[in-house]
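Asks: One file: protein.txt (compact mmCIF, C-alpha atoms).
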# COMPACT_ATOMS: atom_id res chain seq x y z
CA MET A 1 118.79 65.29 176.67
CA LEU A 2 120.69 65.01 173.39
CA ASP A 3 124.44 64.75 174.11
CA VAL A 4 125.68 67.80 172.20
CA THR A 5 128.37 70.35 173.01
CA VAL A 6 126.83 73.36 174.74
CA ASP A 7 128.35 76.82 174.36
CA ARG A 8 127.43 79.07 177.31
CA PRO A 9 128.38 82.69 176.62
CA ARG A 10 127.90 84.99 179.59
CA ARG A 11 127.50 88.60 178.49
CA LEU A 12 129.70 88.02 175.45
CA PRO A 13 130.02 91.10 173.17
CA VAL A 14 128.31 90.37 169.83
CA TRP A 15 127.28 92.27 166.68
CA ARG A 16 124.43 92.31 164.21
CA VAL A 17 123.73 94.13 160.94
CA GLY A 18 120.03 94.68 160.36
CA TYR A 19 117.36 97.19 159.48
CA ARG A 20 116.36 100.34 161.28
CA PRO A 21 114.87 101.17 163.68
CA ASP A 22 115.90 98.06 165.64
CA PRO A 23 118.16 95.41 164.07
CA TRP A 24 117.63 93.12 167.08
CA ALA A 25 113.89 92.69 166.53
CA TRP A 26 112.59 89.48 164.98
CA VAL A 27 112.02 89.79 161.24
CA ASP A 28 108.33 90.31 160.52
CA TRP A 29 106.53 87.19 159.27
CA ARG A 30 105.31 89.15 156.23
CA TRP A 31 108.82 88.85 154.77
CA ALA A 32 108.70 85.06 154.87
CA THR A 33 108.12 83.06 151.70
CA ASN A 34 105.29 80.56 152.06
CA GLY A 35 105.60 80.98 155.82
CA ARG A 36 109.31 80.16 155.98
CA PHE A 37 112.56 82.11 156.09
CA PRO A 38 115.56 81.12 153.93
CA GLY A 39 118.43 81.33 156.46
CA ARG A 40 120.73 78.38 157.03
CA TRP A 41 119.44 77.74 160.56
CA ASP A 42 115.84 78.93 160.15
CA ASP A 43 112.95 76.66 161.08
CA ARG A 44 112.05 74.27 158.28
CA ASP A 45 108.45 74.15 159.51
CA GLY A 46 108.06 77.91 159.87
CA THR A 47 106.88 77.87 163.49
CA PHE A 48 109.60 80.02 165.05
CA ARG A 49 111.94 82.78 163.89
CA THR A 50 115.72 83.06 164.12
CA ILE A 51 118.07 86.00 164.46
CA TYR A 52 121.72 85.83 163.38
CA ILE A 53 124.60 87.54 165.21
CA GLY A 54 128.40 87.49 165.00
CA SER A 55 131.42 87.81 167.26
CA THR A 56 132.63 90.81 165.23
CA LEU A 57 131.14 93.37 162.89
CA LEU A 58 133.35 91.97 160.12
CA ALA A 59 131.78 88.52 160.56
CA CYS A 60 128.30 90.01 160.13
CA LEU A 61 129.24 92.12 157.12
CA LEU A 62 130.82 89.21 155.28
CA GLU A 63 127.60 87.24 155.72
CA VAL A 64 125.29 89.97 154.42
CA LEU A 65 127.59 91.14 151.60
CA ALA A 66 128.72 87.77 150.26
CA ASP A 67 125.96 87.61 147.65
CA PHE A 68 127.42 90.73 146.00
CA ARG A 69 130.76 89.04 145.38
CA PRO A 70 131.44 89.03 141.62
CA ASP A 71 131.33 85.70 139.81
CA LEU A 72 134.76 85.92 138.16
CA PRO A 73 134.19 83.33 135.38
CA LEU A 74 130.95 85.11 134.45
CA VAL A 75 132.65 88.51 134.58
CA ASN A 76 135.37 87.25 132.23
CA ASP A 77 132.79 85.83 129.82
CA LEU A 78 130.84 89.10 129.76
CA ALA A 79 134.03 91.04 129.13
CA ASP A 80 134.44 89.15 125.85
CA ILE A 81 131.03 90.33 124.59
CA ALA A 82 131.09 93.37 122.31
CA VAL A 83 128.48 95.90 123.46
CA ASP A 84 126.97 98.51 121.16
CA GLU A 85 127.80 102.01 122.40
CA ASP A 86 124.19 103.21 122.05
CA ASP A 87 122.93 100.21 124.03
CA GLU A 88 125.54 100.87 126.69
CA THR A 89 124.30 104.45 127.02
CA LEU A 90 120.60 103.59 127.07
CA PHE A 91 120.77 100.39 129.10
CA SER A 92 123.86 100.78 131.26
CA THR A 93 124.31 98.23 134.04
CA VAL A 94 126.20 98.33 137.31
CA LEU A 95 129.52 96.51 137.18
CA ALA A 96 129.75 93.22 139.05
CA GLY A 97 130.83 93.68 142.63
CA ARG A 98 129.68 97.33 142.79
CA ILE A 99 127.21 98.38 145.51
CA ASP A 100 125.21 101.59 145.59
CA PRO A 101 126.01 103.52 148.81
CA THR A 102 122.26 103.87 149.38
CA TRP A 103 122.43 100.21 150.45
CA LEU A 104 123.54 101.58 153.83
CA ASP A 105 120.58 103.93 154.32
CA PRO A 106 118.07 101.50 155.87
CA ARG A 107 120.71 99.45 157.65
CA VAL A 108 122.45 99.86 160.99
CA ALA A 109 124.91 97.85 163.07
CA GLY A 110 124.22 96.89 166.65
CA THR A 111 126.19 95.62 169.63
CA ALA A 112 124.84 93.61 172.53
CA ALA A 113 125.84 91.26 175.35
CA LEU A 114 124.93 87.63 174.65
CA THR A 115 123.92 85.14 177.34
CA GLY A 116 122.37 81.71 176.90
CA ASP A 117 122.97 78.04 176.11
CA PHE A 118 123.73 77.22 172.47
CA CYS A 119 124.46 74.03 170.58
CA TRP A 120 127.98 74.19 169.18
CA VAL A 121 126.91 72.38 166.09
CA THR A 122 130.21 71.38 164.42
CA THR A 123 132.06 69.82 167.36
CA ALA A 124 132.90 66.12 167.21
CA GLN A 125 130.52 65.42 170.11
CA THR A 126 127.58 67.20 168.47
CA LEU A 127 128.19 65.63 165.06
CA ALA A 128 128.30 62.15 166.63
CA ALA A 129 125.00 62.79 168.42
CA LEU A 130 123.25 64.10 165.30
CA HIS A 131 124.78 61.69 162.76
CA PRO A 132 122.23 58.85 163.14
CA HIS A 133 119.36 61.29 162.67
CA PHE A 134 120.65 63.12 159.59
CA VAL A 135 123.13 60.98 157.66
CA SER A 136 120.38 59.73 155.31
CA ALA A 137 119.21 63.28 154.64
CA ALA A 138 122.79 64.33 153.88
CA LEU A 139 123.22 61.51 151.37
CA ARG A 140 119.92 62.37 149.70
CA ALA A 141 121.15 65.94 149.34
CA GLY A 142 124.15 64.67 147.36
CA LEU A 143 126.68 65.03 150.18
CA LYS A 144 129.25 62.38 151.04
CA ASP A 145 128.41 62.29 154.73
CA PHE A 146 126.81 64.18 157.58
CA ASP A 147 129.86 66.03 158.84
CA ALA A 148 131.18 69.53 159.54
CA ALA A 149 131.64 70.17 155.82
CA ALA A 150 127.96 69.36 155.20
CA LEU A 151 126.85 71.86 157.84
CA LYS A 152 129.09 74.58 156.41
CA ASP A 153 127.81 74.05 152.87
CA GLY A 154 125.39 76.84 152.06
CA ARG A 155 123.41 74.88 149.47
CA PRO A 156 121.47 72.06 151.18
CA ARG A 157 119.33 74.40 153.29
CA GLU A 158 116.79 71.65 153.96
CA LEU A 159 119.50 69.76 155.87
CA THR A 160 120.67 72.57 158.13
CA GLN A 161 117.14 73.87 158.65
CA SER A 162 116.04 70.35 159.63
CA VAL A 163 118.86 70.25 162.19
CA ALA A 164 117.71 73.59 163.60
CA THR A 165 114.09 72.41 163.82
CA TYR A 166 115.16 69.15 165.51
CA LEU A 167 117.36 70.87 168.10
CA TYR A 168 114.57 73.32 168.87
CA ALA A 169 112.17 70.42 169.51
CA VAL A 170 114.35 68.03 171.54
CA THR A 171 116.39 70.52 173.63
CA ASP A 172 115.82 73.65 175.67
CA LEU A 173 118.80 75.40 174.06
CA HIS A 174 118.53 79.00 172.92
CA GLY A 175 120.02 78.40 169.48
CA ILE A 176 123.10 77.32 167.56
CA ARG A 177 126.74 78.38 167.52
CA PHE A 178 128.49 77.86 164.19
CA ALA A 179 131.47 79.01 162.15
CA SER A 180 131.05 81.23 159.12
CA ARG A 181 131.56 79.74 155.67
CA HIS A 182 133.91 82.68 155.10
CA GLY A 183 136.40 81.61 157.79
CA ASP A 184 136.58 79.45 160.90
CA ASP A 185 137.79 82.49 162.85
CA LEU A 186 134.40 84.16 162.32
CA GLU A 187 132.02 82.95 165.02
CA LEU A 188 128.25 83.21 164.53
CA TRP A 189 125.12 82.38 166.51
CA ALA A 190 121.54 81.72 165.48
CA ILE A 191 119.10 82.56 168.29
CA TYR A 192 115.74 80.79 168.45
CA GLU A 193 112.51 82.64 169.13
CA ARG A 194 111.51 80.79 172.30
CA HIS A 195 109.72 83.62 174.11
CA ASP A 196 106.81 85.87 173.23
CA THR A 197 108.95 89.00 173.24
CA ALA A 198 109.89 91.49 170.52
CA ILE A 199 113.60 90.83 171.19
CA SER A 200 115.32 87.72 172.53
CA PRO A 201 116.00 87.86 176.28
CA CYS A 202 119.46 86.44 175.46
CA LEU A 203 120.49 89.93 174.31
CA ALA A 204 121.23 92.76 176.77
CA ASP A 205 122.85 96.20 176.65
CA ARG A 206 121.85 96.73 173.04
CA GLU A 207 123.33 99.74 171.25
CA LEU A 208 123.34 100.98 167.65
CA THR A 209 126.29 102.00 165.46
CA ASP A 210 125.91 103.82 162.14
CA LEU A 211 127.54 102.29 159.09
CA THR A 212 129.42 104.58 156.71
CA THR A 213 131.41 103.84 153.58
CA ASP A 214 134.67 104.64 155.39
CA HIS A 215 134.02 102.33 158.35
CA PRO A 216 137.13 100.10 158.83
CA ALA A 217 135.06 96.92 159.04
CA LEU A 218 133.26 97.73 155.79
CA ILE A 219 136.55 98.54 154.07
CA ARG A 220 137.95 95.20 155.22
CA ALA A 221 134.83 93.29 154.12
CA PHE A 222 134.91 94.95 150.68
CA ASP A 223 138.59 94.05 150.36
CA LEU A 224 138.02 90.38 151.22
CA LEU A 225 135.01 90.05 148.89
CA GLY A 226 136.39 92.11 146.00
CA LEU A 227 133.65 94.74 146.23
CA ALA A 228 133.55 98.50 145.58
CA TRP A 229 131.01 101.30 145.85
CA VAL A 230 129.26 102.54 142.72
CA GLY A 231 131.12 105.63 141.52
CA ASP A 232 134.34 104.66 143.27
CA GLU A 233 136.79 104.40 140.41
CA SER A 234 139.93 104.40 142.58
CA PRO A 235 141.80 101.13 143.01
CA ALA A 236 141.06 99.38 146.27
CA ILE A 237 143.73 98.74 148.85
CA THR A 238 144.28 95.02 148.49
CA SER A 239 145.48 92.57 151.10
CA ALA A 240 148.86 90.85 150.86
CA ARG A 241 148.55 87.46 149.17
CA HIS A 242 152.12 86.20 149.24
CA ASP A 243 153.59 83.82 151.78
CA GLN A 244 156.99 85.44 151.98
CA LEU A 245 158.66 88.84 152.02
CA PRO A 246 158.63 91.35 150.50
CA LEU A 247 154.93 92.05 150.95
CA PRO A 248 153.16 94.12 148.28
CA LEU A 249 152.17 97.65 149.20
CA GLU A 250 149.26 99.32 147.39
CA GLN A 251 148.00 102.67 148.55
CA ALA A 252 144.85 104.44 147.41
CA GLU A 253 145.17 107.55 149.50
CA GLY A 254 147.03 109.08 152.42
CA SER A 255 150.33 109.43 150.58
CA GLN A 256 151.37 112.37 152.73
CA ALA A 257 150.94 110.43 155.95
CA PHE A 258 152.67 107.42 154.43
CA GLY A 259 155.58 109.56 153.29
CA ALA A 260 155.84 111.27 156.66
CA VAL A 261 156.47 107.89 158.27
CA PHE A 262 158.64 106.14 155.70
CA GLY A 263 159.92 108.90 153.43
CA GLU A 264 161.05 107.67 150.04
CA THR A 265 162.38 104.38 151.42
CA PRO A 266 159.91 101.45 151.47
CA PRO A 267 159.28 100.00 154.95
CA SER A 268 161.70 97.27 155.94
CA GLN A 269 163.01 95.41 158.96
CA ALA A 270 165.86 97.88 159.17
CA THR A 271 163.66 100.13 161.35
CA PRO A 272 161.22 99.24 164.16
CA VAL A 273 158.35 101.13 162.50
CA GLY A 274 159.05 99.50 159.13
CA ALA A 275 159.07 96.00 160.63
CA ALA A 276 155.92 96.75 162.64
CA PHE A 277 154.13 98.00 159.52
CA LEU A 278 155.07 94.92 157.48
CA TRP A 279 153.90 92.70 160.34
CA SER A 280 150.54 94.50 160.55
CA LEU A 281 150.16 94.23 156.76
CA ALA A 282 150.85 90.49 156.89
CA LEU A 283 148.11 90.12 159.51
CA GLU A 284 145.51 90.92 156.84
CA ASP A 285 145.76 87.30 155.67
CA THR A 286 147.23 85.21 158.45
CA VAL A 287 147.10 82.00 156.42
CA ALA A 288 148.61 83.15 153.12
CA ASN A 289 151.19 85.31 154.92
CA ARG A 290 152.14 82.80 157.62
CA ALA A 291 155.77 82.56 156.47
CA ALA A 292 156.11 86.35 156.45
CA LEU A 293 154.65 86.60 159.95
CA GLU A 294 157.08 84.00 161.25
CA SER A 295 159.99 85.86 159.64
CA LEU A 296 158.90 89.13 161.23
CA THR A 297 158.24 87.69 164.70
CA ALA A 298 160.82 87.00 167.40
CA ASN A 299 159.02 83.87 168.62
CA SER A 300 156.11 82.95 166.38
CA ALA A 301 155.19 79.86 168.43
CA VAL A 302 153.60 81.99 171.18
CA TRP A 303 151.25 83.77 168.75
CA GLY A 304 149.19 80.76 167.67
CA ASP A 305 147.16 81.61 164.56
CA PHE A 306 147.79 85.39 164.96
CA ILE A 307 144.01 86.00 164.85
CA PRO A 308 143.77 87.87 168.22
CA ALA A 309 146.55 90.22 167.10
CA ARG A 310 144.86 90.80 163.76
CA ASP A 311 141.57 91.64 165.46
CA ALA A 312 143.25 93.98 167.96
CA LEU A 313 144.96 96.05 165.24
CA ALA A 314 142.12 95.99 162.71
CA GLY A 315 141.28 99.52 161.59
CA ARG A 316 144.16 101.10 163.51
CA SER A 317 147.03 103.15 162.11
CA ILE A 318 150.70 103.04 162.86
CA ALA A 319 152.23 106.06 164.62
CA GLN A 320 155.19 107.89 163.15
CA HIS A 321 157.64 107.86 166.05
CA PRO A 322 158.74 104.75 167.93
CA ILE A 323 159.54 104.91 171.63
CA HIS A 324 163.07 103.66 172.25
CA SER A 325 163.82 101.82 175.48
CA ALA A 326 165.82 103.92 177.93
CA ASP A 327 167.42 100.80 179.39
CA ARG A 328 168.27 99.05 176.12
CA PRO A 329 168.33 101.67 173.35
CA GLY A 330 169.02 100.17 169.95
CA GLU A 331 167.72 96.79 171.14
CA ILE A 332 164.12 97.48 172.15
CA ALA A 333 161.56 99.91 170.72
CA TYR A 334 157.82 100.37 171.03
CA VAL A 335 155.51 101.19 168.11
CA LYS A 336 152.03 102.63 168.69
CA PHE A 337 148.86 101.73 166.79
CA ILE A 338 146.07 104.25 167.27
CA ASP A 339 142.45 104.55 166.21
CA VAL A 340 142.60 107.03 163.34
CA SER A 341 141.99 106.63 159.61
CA GLY A 342 144.67 106.06 157.02
CA ALA A 343 147.48 103.59 156.42
CA ALA A 344 149.90 105.55 158.59
CA ALA A 345 149.31 108.31 161.11
CA ARG A 346 151.50 111.06 162.43
CA ALA A 347 151.37 110.99 166.21
CA PHE A 348 153.28 113.21 168.64
CA ASP A 349 154.52 112.25 172.08
CA ASP A 350 152.38 114.90 173.79
CA ALA A 351 149.16 113.79 172.07
CA PRO A 352 146.68 112.29 174.58
CA LEU A 353 146.23 108.63 173.65
CA ASP A 354 143.87 106.74 175.96
CA ASP A 355 143.33 103.75 173.64
CA VAL A 356 146.55 102.54 172.09
CA TRP A 357 148.04 99.18 171.21
CA ILE A 358 151.81 98.84 171.61
CA LEU A 359 154.01 96.53 169.54
CA THR A 360 157.23 95.76 171.35
CA MET A 361 160.05 95.42 168.83
CA VAL A 362 163.43 93.74 169.43
CA LYS A 363 166.51 93.95 167.26
CA ALA A 364 168.58 90.91 166.29
CA THR A 365 171.22 90.59 163.57
CA SER A 366 170.54 94.15 162.35
CA GLN A 367 166.81 93.49 161.82
CA TRP A 368 163.78 94.32 163.95
CA HIS A 369 161.19 91.72 164.96
CA VAL A 370 157.88 91.80 166.82
CA TRP A 371 158.20 90.52 170.40
CA GLY A 372 154.82 91.32 171.97
CA LEU A 373 151.54 93.25 171.78
CA THR A 374 150.03 95.11 174.75
CA HIS A 375 147.05 97.41 175.29
CA ASN A 376 147.68 100.81 176.94
CA ARG A 377 150.88 99.50 178.52
CA VAL A 378 154.57 99.66 177.62
CA PRO A 379 156.42 96.54 178.86
CA HIS A 380 159.54 97.17 180.93
CA ALA A 381 162.84 96.07 179.42
CA ALA A 382 163.22 93.52 182.22
CA GLU A 383 160.11 91.69 180.98
CA ILE A 384 161.57 91.19 177.51
CA VAL A 385 163.61 88.04 177.08
CA ASP A 386 165.22 86.64 173.99
CA GLY A 387 163.40 84.03 171.89
Is it possible to give me this structure as structure tokens?

Replies:
Amino acid sequence: MLDVTVDRPRRLPVWRVGYRPDPWAWVDWRWATNGRFPGRWDDRDGTFRTIYIGSTLLACLLEVLADFRPDLPLVNDLADIAVDEDDETLFSTVLAGRIDPTWLDPRVAGTAALTGDFCWVTTAQTLAALHPHFVSAALRAGLKDFDAAALKDGRPRELTQSVATYLYAVTDLHGIRFASRHGDDLELWAIYERHDTAISPCLADRELTDLTTDHPALIRAFDLLGLAWVGDESPAITSARHDQLPLPLEQAEGSQAFGAVFGETPPSQATPVGAAFLWSLALEDTVANRAALESLTANSAVWGDFIPARDALAGRSIAQHPIHSADRPGEIAYVKFIDVSGAAARAFDDAPLDDVWILTMVKATSQWHVWGLTHNRVPHAAEIVDG
């Protein structure tokens, strides 16, 4: 058997965005063009079908919405063209990057548990095994080599589709694991149609989730891609793009909740809630805001790339009142993040919270820093050590 890296998920939670009534069903052959589908890992010969899934809903949404991303050079060129007012009235066009909300009507998100054996296609072992078979094809496609960059490039579809067809023929694997072109932290799988069933047997416990314009994952995807809904004239909440403090704060709505938490004073490290909010804001772009995250964290070395923390707090809101440690008041505080809408939420101590993430904050040299993140548990003061 070909010596490739095999990824073996066992009931791994995965997502898909597809069409009603069942997004997990194979796409009907009538939607193929000349008997072939255009996906990156679809069969070049058109003999089997492929279904694409992601580790998160955000990963799936970025894939399906990427084509709507505005071409900024083209937008700037069009802005320089003088348009007759009568023509604008009679032949109005949708602005670049605007999507009609009816786009959601036929679509639905789904969750499932993934099991199977998949080729992890961009590992060093897999690339070495495939290189002799595809380096010539990569060069003919205008690429410098057959490498990870070539397999992430969305343009030479003949190359990646040929890899998919080859792996299907020479292995018994169920498909391919690959990283999204929109970020290495976004894991994706392409599942081969190897069985005569309406849905791949690799997928169990399938459930559906409606998509709405206010879904946190959609809001995040729109933010990353620079998109907006048709008719939405309000400025979008944009992610922080600076690598040091202070982080920019832009707010489209929820000013009352924001004011209830911070008052007229902008959030800062002078308070545990202020430091926690700045830290959560910096998580929106863990690469660009790396310096800010390190400044706001007690020991940044233990957090790695901060991606798990970002995913845990995605779509959650910061609670108004911190919990101060009874054993070390003034040194340790706990800040809650709960699953409600808005940039900041007012939460009361007697409110029943059965799904809450807790940021443990520690104070040093008059400023608060993030020490740890826990789910439905408040660490005891004895667990918290310096550094």

Asks: Find the nearest atom pair between each residue of range 32-60 of chain A and range 104-122 of chain A for residues within 12 Å, count only C-alpha atoms, give distances in Å to one decimal, sort rows by chain and ascending number, and present the table as JSON lines.

Replies:
{"residue": "A:Trp41", "atom": "CA", "partner": "A:Val121", "partner_atom": "CA", "distance": 10.7}
{"residue": "A:Tyr52", "atom": "CA", "partner": "A:Gly110", "partner_atom": "CA", "distance": 11.8}
{"residue": "A:Ile53", "atom": "CA", "partner": "A:Thr111", "partner_atom": "CA", "distance": 9.3}
{"residue": "A:Gly54", "atom": "CA", "partner": "A:Thr111", "partner_atom": "CA", "distance": 9.6}
{"residue": "A:Ser55", "atom": "CA", "partner": "A:Thr111", "partner_atom": "CA", "distance": 9.7}
{"residue": "A:Thr56", "atom": "CA", "partner": "A:Thr111", "partner_atom": "CA", "distance": 9.2}
{"residue": "A:Leu57", "atom": "CA", "partner": "A:Ala109", "partner_atom": "CA", "distance": 7.7}
{"residue": "A:Leu58", "atom": "CA", "partner": "A:Ala109", "partner_atom": "CA", "distance": 10.7}
{"residue": "A:Ala59", "atom": "CA", "partner": "A:Ala109", "partner_atom": "CA", "distance": 11.9}
{"residue": "A:Cys60", "atom": "CA", "partner": "A:Ala109", "partner_atom": "CA", "distance": 9.0}

Asks: Using CA of Ala179 in chain A and CA of Ala148 in chain A as the two end points, give the distance in Å to one decimal.

Replies: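 Spanning CA of Ala179 in chain A to CA of Ala148 in chain A is a straight-line distance of 9.8 Å.
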
Asks: Skipping near chain neighbours, those fewer than 3 positions away, what residues fall within 9 Å of Thr286 in chain A using only C-alpha atoms, listed as a VMD selection string?

Replies: chain A and resid 282 to 283 289 to 290 293 305 to 307 310

Asks: Please write out, as lines of an AutoDock Vina configuration file, where the centre of an axis-aligned box around all listed atoms of range 192-199 of chain A lies and how long its edges are, in Å to one decimal, after adding 4 Å on each side.

Replies:
center_x = 111.3
center_y = 86.1
center_z = 171.3
size_x = 16.9
size_y = 18.7
size_z = 13.7

Asks: What is the CA of Leu313 in chain A-CA of His182 in chain A distance in Å, reported with one decimal?

Replies: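 Distance between the two atoms: 20.1 Å.
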
Asks: Ranking A:Leu281, A:Ile318, A:Val302, A:Leu225 by minimum distance to Gly372 in chain A and counting only C-alpha atoms, which one comes first?

Replies: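 The closest residue to Gly372 in chain A is A:Val302.
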
Asks: I'd like to know which of A:Ala204, A:Val163, A:Ala138, A:Leu151 is closest to Trp15 in chain A, using all atoms listed in the file.

Replies: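 Closest to Trp15 in chain A of all the choices is A:Ala204.
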
Asks: Rounded to one decimal in Å, what is the spacing between CA of Ile51 in chain A and CA of Glu284 in chain A?

Replies: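 Straight-line distance from CA of Ile51 in chain A to CA of Glu284 in chain A works out to 28.9 Å.
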
Asks: Nearest to Trp303 in chain A among A:Leu373, A:Tyr168, A:Ala270, A:Ser325, with distances taken over all atoms listed in the file: which residue is it?

Replies: A:Leu373

Asks: Residues within 9 Å of Gly46 in chain A, please, as a ChimeraX atom specification. Count only C-alpha atoms; anything in the same chain fewer than 4 positions from it doesn't count.

Replies: /A:32,34-37,42

Asks: Write out, as a PDB file, in the frame of the given file, the residues just selected, with C-alpha atoms.

Replies:
ATOM      1  CA  ALA A  32     108.700  85.060 154.870  1.00  0.00           C
ATOM      2  CA  ASN A  34     105.290  80.560 152.060  1.00  0.00           C
ATOM      3  CA  GLY A  35     105.600  80.980 155.820  1.00  0.00           C
ATOM      4  CA  ARG A  36     109.310  80.160 155.980  1.00  0.00           C
ATOM      5  CA  PHE A  37     112.560  82.110 156.090  1.00  0.00           C
ATOM      6  CA  ASP A  42     115.840  78.930 160.150  1.00  0.00           C
TER       7      ASP A  42
END

Asks: Around (150.4, 104.6, 170.6) in the file's own coordinates, what residues are found within 7 Å if you use only C-alpha atoms, given back as number ranges by chain?

Replies: A: 319, 335-338, 353, 356-358

Asks: Nearest to Ala124 in chain A among A:Thr5, A:Ser280, A:Thr102, A:Asn376, with distances taken over all atoms listed in the file: which residue is it?

Replies: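 Result for the nearest residue to Ala124 in chain A: A:Thr5.
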
Asks: Which of these residues is nearest to Gln367 in chain A, using all atoms listed in the file: A:Asp355, A:Ala381, A:Glu331, A:Asp43?

Replies: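 Distance minimum relative to Gln367 in chain A lands on A:Glu331.
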
Asks: I need the residue nearest Pro308 in chain A from this list: A:Asp339, A:Asp185, A:Glu383, A:Glu294. Use all atoms listed in the file for the distance.

Replies: A:Asp185

Asks: Which polymer residues have any atom within 6 Å of an atom of Glu193 in chain A, counting only C-alpha atoms, with same-chain residues fewer than 6 positions away left out, as a PDB file with C-alpha atoms, in the coordinates of the input?

Replies:
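part_3.pdb was written with the following content:
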ATOM      1  CA  PHE A  48     109.600  80.020 165.050  1.00  0.00           C
ATOM      2  CA  ARG A  49     111.940  82.780 163.890  1.00  0.00           C
ATOM      3  CA  THR A  50     115.720  83.060 164.120  1.00  0.00           C
TER       4      THR A  50
END
